[in-house]
Every structure is written in structure tokens, then in C-alpha cells.
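Encoded as C-alpha cells, the structure appears first; notes follow it.
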Amino acid sequence: SQELEQSPQSLIVQEGKNLTINCTSSKTLYGLYWYKQKYGEGLIFLMMLQKGGEEKSHEKITAKLDEKKQQSSLHITASQPSHAGIYLCGADVPGSARQLTFGSGTQLTVLP
Amino acid sequence: DSGVTQTPKHLITATGQRVTLRCSPRSGDLSVYWYQQSLDQGLQFLIQYYNGEERAKGNILERFSAQQFPDLHSELNLSSLELGDSALYFCASRATGDYGYTFGSGTRLTVV
């Protein structure tokens, strides 16, 4: 089965600093999703990557999928307290159902 | 509002009891996925339905069952509840041919 490993598990940064969260897969990624979750709340979709080398940005968040499609990174520029939360990467499991398998998450704290 | 509605938001019940969680998918989405999120296991896929039929099973216990009705809403039934079943239960829906998954805000189940 496909496993996703996220690093770091937690991150504390000062407001205004840049940061990167990594997601590494044990198998080739066919679809990689990034979600943000406030503690105890629902998942908010950030971005989805499919092609090797693909890069997408939304506001101050950029996500990349490496050429070999086994690793993705999420980069936040000039972090703000509103960026705080749990970031989860999820991967499409090949098959007809295409359910997602998720990493364990990265807890981000942004200090004002 | 994501368009996926889950009820109830919170549920407290005793061990040995049975509960039903409800999910209304986004309008027009035929696929419904159920996930369990606990502190020790992270976000785990339970089961998927497509247009009323079960499509895939994940780490779902035999005490748990689900169904999707003709109006496409889905119910997750949890029986003989144990303390370890305490978790957030999420429902997500997806449109056919679409890569995006939309999550509901979850049901927090506490078993005492």
C-alpha cells in the first residue's frame, strides 16, 4: 500500500518567515493533494498536482511535485498567523475508487 | 460552506451504543467517501460509495457499515461502540471525472 511521510511533524515560525513542508511517497504519485485543517475542523483544499515537475501557487503558498513524482513540497512565503493549522498531503490510490491516502500532517504555528 | 453537509456536528454516547452519522454530498456528486481521523491513526479511509453502490473498503471495522441512498445522501452506522472509536468522522464527495474532493466539516464522536 502507498504510504506518505510528511516532515516536519510540527513547525513553529515567526511571522514573516518562509517555510517548507515536505511529503514523500513510497510509490509513484498519480495525484497529490494539499489540504489545510484548523484543529478539529474540516479540510480545506489548497492545491492538486499531477504532472512531474508541476508547480502551482495560490497567494503566498506554492506547491511542487518533483520530476520523479515521489515527493512534493509546500512552501509558504512571508508566513502570517492565518497560515497556522495542520497541513495534510493526500495521494490518489490507483484504482476505480480513487480514494485518498493521507500523510500524518504537519502542525504549523506562526508566532505574531 | 463546502457544499458537503454532515450531521450531527457533535455526538456523545456510551460504550456499546449505536450511532448513525449522516452526509449530504455536494449537489450532483455521485461519489461519497468516509474517513476517520483520530490522534493516533491520522486520517484513514473507511469506505466509498458511488451512485448507491459500494466501490471500495479501507480500514473499516465489521462493527461499522454504511449505505448511500437514492437521493445520494449517505449514512455511516457505528455499532457496539468502544472508547477507541472516539474520533472525527469526515465525509467527502467528488464529481465523476473530477479530481477534486470536497470535505464536510465532520462529526466529532465521543464515546464515554
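Quick note on naming: the chains in the C-alpha cells go A, B, ... in the order shown, residues restart at 1 in each chain, and ligands are numbered from 1 in order of appearance.
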Using only C-alpha atoms, I'd like every residue of chain A that has an atom within 8 Å of chain B; please write them out as an mmCIF file with N, CA, C and O atoms, in the first residue's frame.
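Result file is iface-v3.cif:
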```
data_model
loop_
_atom_site.group_PDB
_atom_site.id
_atom_site.type_symbol
_atom_site.label_atom_id
_atom_site.label_comp_id
_atom_site.auth_asym_id
_atom_site.auth_seq_id
_atom_site.Cartn_x
_atom_site.Cartn_y
_atom_site.Cartn_z
ATOM 1 N N GLY A 40 -9.632 20.291 14.664
ATOM 2 C CA GLY A 40 -10.990 19.847 14.908
ATOM 3 C C GLY A 40 -12.000 20.256 13.857
ATOM 4 O O GLY A 40 -13.201 20.015 14.022
ATOM 5 N N GLU A 41 -11.531 20.865 12.771
ATOM 6 C CA GLU A 41 -12.462 21.318 11.741
ATOM 7 C C GLU A 41 -12.243 20.547 10.438
ATOM 8 O O GLU A 41 -11.447 19.612 10.377
ATOM 9 N N GLY A 42 -12.970 20.938 9.410
ATOM 10 C CA GLY A 42 -12.885 20.246 8.130
ATOM 11 C C GLY A 42 -11.623 20.570 7.361
ATOM 12 O O GLY A 42 -10.846 21.441 7.732
ATOM 13 N N LEU A 43 -11.436 19.843 6.265
ATOM 14 C CA LEU A 43 -10.256 20.027 5.418
ATOM 15 C C LEU A 43 -10.560 21.033 4.321
ATOM 16 O O LEU A 43 -11.579 20.941 3.640
ATOM 17 N N ILE A 44 -9.645 21.973 4.159
ATOM 18 C CA ILE A 44 -9.789 22.971 3.106
ATOM 19 C C ILE A 44 -8.805 22.633 1.991
ATOM 20 O O ILE A 44 -7.600 22.533 2.236
ATOM 21 N N PHE A 45 -9.321 22.482 0.788
ATOM 22 C CA PHE A 45 -8.482 22.137 -0.363
ATOM 23 C C PHE A 45 -7.581 23.314 -0.717
ATOM 24 O O PHE A 45 -8.025 24.455 -0.820
ATOM 25 N N MET A 48 -3.814 20.777 -6.076
ATOM 26 C CA MET A 48 -3.665 19.408 -6.555
ATOM 27 C C MET A 48 -2.628 19.392 -7.661
ATOM 28 O O MET A 48 -2.661 20.252 -8.553
ATOM 29 N N SER A 96 -10.312 2.049 -9.236
ATOM 30 C CA SER A 96 -11.560 2.668 -9.659
ATOM 31 C C SER A 96 -12.119 3.635 -8.623
ATOM 32 O O SER A 96 -12.774 4.608 -8.966
ATOM 33 N N ALA A 97 -11.866 3.370 -7.359
ATOM 34 C CA ALA A 97 -12.450 4.218 -6.329
ATOM 35 C C ALA A 97 -11.691 5.514 -6.157
ATOM 36 O O ALA A 97 -12.267 6.544 -5.817
ATOM 37 N N GLN A 99 -9.717 6.542 -3.836
ATOM 38 C CA GLN A 99 -9.752 7.180 -2.528
ATOM 39 C C GLN A 99 -8.388 7.780 -2.239
ATOM 40 O O GLN A 99 -7.397 7.455 -2.883
ATOM 41 N N LEU A 100 -8.343 8.665 -1.270
ATOM 42 C CA LEU A 100 -7.097 9.308 -0.895
ATOM 43 C C LEU A 100 -6.468 8.629 0.303
ATOM 44 O O LEU A 100 -7.161 8.218 1.237
ATOM 45 N N THR A 101 -5.145 8.511 0.259
ATOM 46 C CA THR A 101 -4.408 8.119 1.439
ATOM 47 C C THR A 101 -3.645 9.362 1.899
ATOM 48 O O THR A 101 -3.139 10.126 1.067
ATOM 49 N N PHE A 102 -3.578 9.592 3.204
ATOM 50 C CA PHE A 102 -3.039 10.836 3.731
ATOM 51 C C PHE A 102 -1.766 10.637 4.527
ATOM 52 O O PHE A 102 -1.536 9.579 5.128
ATOM 53 N N GLY A 103 -0.954 11.676 4.528
ATOM 54 C CA GLY A 103 0.176 11.731 5.434
ATOM 55 C C GLY A 103 -0.325 12.056 6.830
ATOM 56 O O GLY A 103 -1.503 12.333 7.034
ATOM 57 N N SER A 104 0.577 12.043 7.794
ATOM 58 C CA SER A 104 0.194 12.243 9.190
ATOM 59 C C SER A 104 0.013 13.715 9.542
ATOM 60 O O SER A 104 -0.458 14.033 10.632
ATOM 61 N N GLY A 105 0.368 14.610 8.628
ATOM 62 C CA GLY A 105 0.128 16.025 8.855
ATOM 63 C C GLY A 105 1.306 16.763 9.465
ATOM 64 O O GLY A 105 2.171 16.174 10.121
#
```
Do a neighbour search on A:Ser26 at 7 Å with only C-alpha atoms, toss out local chain neighbours closer than 4 positions, and write the hits as a PyMOL selection string.
chain A and resi 2-4
Restrict the selected residues to all heavy atoms and save them as an mmCIF file, in the first residue's frame.
```cif
data_model
loop_
_atom_site.group_PDB
_atom_site.id
_atom_site.type_symbol
_atom_site.label_atom_id
_atom_site.label_comp_id
_atom_site.auth_asym_id
_atom_site.auth_seq_id
_atom_site.Cartn_x
_atom_site.Cartn_y
_atom_site.Cartn_z
ATOM 1 N N GLN A 2 0.312 2.303 -0.486
ATOM 2 C CA GLN A 2 1.069 3.544 -0.585
ATOM 3 C C GLN A 2 1.110 4.236 0.756
ATOM 4 O O GLN A 2 0.099 4.350 1.447
ATOM 5 C CB GLN A 2 0.411 4.462 -1.606
ATOM 6 C CG GLN A 2 1.191 5.730 -1.891
ATOM 7 C CD GLN A 2 0.740 6.372 -3.188
ATOM 8 O OE1 GLN A 2 -0.394 6.224 -3.594
ATOM 9 N NE2 GLN A 2 1.629 7.071 -3.852
ATOM 10 N N GLU A 3 2.302 4.731 1.126
ATOM 11 C CA GLU A 3 2.459 5.470 2.370
ATOM 12 C C GLU A 3 3.039 6.835 2.078
ATOM 13 O O GLU A 3 3.907 6.992 1.214
ATOM 14 C CB GLU A 3 3.365 4.708 3.327
ATOM 15 C CG GLU A 3 2.752 3.415 3.831
ATOM 16 C CD GLU A 3 3.616 2.723 4.861
ATOM 17 O OE1 GLU A 3 4.686 3.262 5.188
ATOM 18 O OE2 GLU A 3 3.230 1.650 5.325
ATOM 19 N N LEU A 4 2.526 7.821 2.812
ATOM 20 C CA LEU A 4 3.017 9.180 2.679
ATOM 21 C C LEU A 4 3.652 9.611 3.992
ATOM 22 O O LEU A 4 3.049 9.446 5.056
ATOM 23 C CB LEU A 4 1.874 10.147 2.344
ATOM 24 C CG LEU A 4 1.173 9.948 1.013
ATOM 25 C CD1 LEU A 4 0.044 10.955 0.862
ATOM 26 C CD2 LEU A 4 2.156 10.087 -0.144
#
```
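Distances here use only C-alpha atoms; by that measure, the residue among A:Gly85, A:Gly90, A:Gln107, A:Gln80 closest to A:Lys17 is A:Gln80.
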Give the strand (DSSP E) residues of chain B, as assigned by DSSP on the backbone, as number ranges by chain.
B: 5-7, 10-13, 19-24, 31-38, 42-50, 53-57, 64-68, 74-78, 87-94, 102-103, 107-111
Who sits within 9 Å of stretch 56-67 of chain A, only C-alpha atoms, same chain under 2 positions skipped, as a PDB file with C-alpha atoms, in the first residue's frame:
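Contents of around.pdb, as written:
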```
ATOM      1  CA  LEU A  29       2.237   9.718  -7.138  1.00  0.00           C
ATOM      2  CA  LEU A  32      -1.094  14.722  -4.921  1.00  0.00           C
ATOM      3  CA  TRP A  34      -2.585  19.511  -0.239  1.00  0.00           C
ATOM      4  CA  LEU A  46      -5.336  24.050  -1.291  1.00  0.00           C
ATOM      5  CA  MET A  47      -3.892  22.535  -4.457  1.00  0.00           C
ATOM      6  CA  MET A  48      -3.665  19.408  -6.555  1.00  0.00           C
ATOM      7  CA  LEU A  49      -0.624  18.331  -8.577  1.00  0.00           C
ATOM      8  CA  GLN A  50      -0.449  15.610 -11.179  1.00  0.00           C
ATOM      9  CA  LYS A  51       2.453  16.051 -13.530  1.00  0.00           C
ATOM     10  CA  GLY A  52       6.122  15.594 -12.739  1.00  0.00           C
ATOM     11  CA  GLY A  53       7.757  18.967 -12.252  1.00  0.00           C
ATOM     12  CA  GLU A  54       4.409  20.705 -11.850  1.00  0.00           C
ATOM     13  CA  LYS A  69       6.602  12.119  -8.828  1.00  0.00           C
ATOM     14  CA  GLN A  70       7.509  10.740  -5.429  1.00  0.00           C
ATOM     15  CA  GLN A  71       7.919  13.906  -3.455  1.00  0.00           C
ATOM     16  CA  SER A  72       6.005  17.131  -3.060  1.00  0.00           C
ATOM     17  CA  SER A  73       6.797  20.281  -1.162  1.00  0.00           C
ATOM     18  CA  LEU A  74       4.597  23.081   0.100  1.00  0.00           C
ATOM     19  CA  HIS A  75       6.261  26.436   0.534  1.00  0.00           C
ATOM     20  CA  ILE A  76       4.782  29.413   2.353  1.00  0.00           C
ATOM     21  CA  THR A  77       6.316  32.805   1.791  1.00  0.00           C
ATOM     22  CA  ALA A  78       6.153  35.535   4.436  1.00  0.00           C
ATOM     23  CA  SER A  79       4.025  33.473   6.806  1.00  0.00           C
TER      24      SER A  79
END
```
One decimal, in Å: what's the spacing between atom CA of B:Ser38 and atom CA of A:Tyr39?
11.9 Å
Quick one: distance from atom CA of A:Leu11 to atom CA of A:Thr106 in Å, one decimal?
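Going from atom CA of A:Leu11 over to atom CA of A:Thr106 covers 7.2 Å.
Distance-wise, atom CA of B:Gly28 and atom CA of B:Gly52 end up 13.2 Å apart.
Closest approach to A:Ser7 among A:Asn22, A:Tyr35, A:Leu88, A:Pro112: A:Asn22, based on only C-alpha atoms.
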Leaving out stretch 15-18 of chain B and any residue of its chain fewer than 5 positions from it, which residues lie within 8 Å of it when counting only C-alpha atoms, given as a ChimeraX atom specification?
/B:77-83,111-112
